Amino acid sequence: MSSESPLKDRLILVVDDEPDVLETVEEQLDMCQVHKATDYDTALQYILSYTYDVVILDIMGVKGFELLRHAVSRGFPTVMFTAHALSPESLKKSIKLGAVSFLPKEKIAELRSYLEDVVLGGGESVWQKLFDRMGSYFNRKFGPDWKEKDKFFIEFEEELRTSQKNQA
């Protein structure tokens, strides 16, 4: 008894300089209409010309953070998707610039599930859910005390908890 994906018929923009990554994402999101771009200029034209339900941006090779600024200014829920820029600094910058989530490329098999969270959340931030699901992964990649090394993450998680309590 499988229910229909909340991603069905959504318009998604995926930006990555690796064509094989774009193909894999498109296969995973076969229930969506997917626009693909391999470079900054093409991606920017898409962002300025269409209204997206979700934008997925690579960080390296396509000026992902600059594209994030444009996507957020247009009100598009944006997920950062990276392999080479997987670091606490990139995560922090993604949060500060308005991304709603952040996913390592090695978790590409879980992309659909993460995007469903974004769509079901009405395009709002799903950071708490991401930290709950990816906490042990981030600890392995960044070290067990990565959050404690940067006051920003401690304050951000406290803010998420407070916001969650207020919504309950």
# chains A, B, ... in the order shown; residues from 1 in each chain; ligands from 1
call {"tool": "closest_atom_pairs", "arguments": {"of": "stretch 59-118 of chain A", "to": "stretch 38-51 of chain A", "cutoff": "8 Å", "atoms": "only C-alpha atoms", "output": "CSV"}}
result
residue,atom,partner,partner_atom,distance
A:Gly61,CA,A:Asp39,CA,7.5
A:Val62,CA,A:Tyr40,CA,4.9
A:Lys63,CA,A:Tyr40,CA,6.2
A:Gly64,CA,A:Tyr40,CA,7.9
A:Leu67,CA,A:Leu44,CA,6.7
A:His70,CA,A:Ile47,CA,7.2
A:Ala71,CA,A:Ile47,CA,6.2
A:Arg74,CA,A:Ile47,CA,7.8
A:Phe76,CA,A:Thr51,CA,7.6
call {"tool": "select_by_dssp", "arguments": {"residues": "stretch 78-120 of chain A", "states": "strand (DSSP E)", "output": "list in words"}}
result
Thr78, Val79, Met80, Phe81, Thr82, Ser101, Phe102, Leu103 and Pro104 of chain A
call {"tool": "write_last_selection", "arguments": {"atoms": "C-alpha atoms", "output": "short mmCIF file (atom, residue, chain, number, x, y, z; two decimals), in the first residue's frame"}}
result
data_model
loop_
_atom_site.label_atom_id
_atom_site.label_comp_id
_atom_site.auth_asym_id
_atom_site.auth_seq_id
_atom_site.Cartn_x
_atom_site.Cartn_y
_atom_site.Cartn_z
CA THR A 78 16.71 25.19 -1.71
CA VAL A 79 18.72 22.12 -0.76
CA MET A 80 22.50 22.17 -0.92
CA PHE A 81 23.94 18.94 -2.33
CA THR A 82 27.68 18.40 -2.14
CA SER A 101 18.50 21.47 3.96
CA PHE A 102 21.94 20.10 3.10
CA LEU A 103 22.66 16.64 1.76
CA PRO A 104 25.98 14.89 1.07
#
call {"tool": "atom_distance", "arguments": {"atom1": "atom CA of A:Phe131", "atom2": "atom CA of A:Asp20"}}
result
27.5 Å
call {"tool": "closest_residue", "arguments": {"among": "A:Ser163, A:Gln28, A:Ser125, A:Gln33", "to": "A:Lys8", "atoms": "only C-alpha atoms"}}
result
A:Gln33
call {"tool": "closest_residue", "arguments": {"among": "A:Leu7, A:Met31, A:Ala83, A:Val72", "to": "A:Ile95", "atoms": "only C-alpha atoms"}}
result
A:Val72
call {"tool": "closest_residue", "arguments": {"among": "A:Ser5, A:Glu155, A:Val14, A:Trp127", "to": "A:Leu91", "atoms": "only C-alpha atoms"}}
result
A:Trp127
call {"tool": "closest_residue", "arguments": {"among": "A:Lys92, A:His84, A:Arg10, A:Lys151", "to": "A:Val118", "atoms": "only C-alpha atoms"}}
result
A:Arg10
call {"tool": "atom_distance", "arguments": {"atom1": "atom CA of A:Val21", "atom2": "atom CA of A:Leu57"}}
result
11.4 Å
call {"tool": "closest_residue", "arguments": {"among": "A:Val25, A:Ile154, A:Val100, A:Ile59", "to": "A:Arg112", "atoms": "only C-alpha atoms"}}
result
A:Val25
call {"tool": "residues_around", "arguments": {"residues": "A:Ile12", "least_positions_apart": "3", "cutoff": "7 Å", "atoms": "only C-alpha atoms", "output": "list of chain:residue names"}}
result
A:Cys32, A:Gln33, A:Val34, A:His35, A:Tyr52, A:Asp53, A:Val54, A:Val55
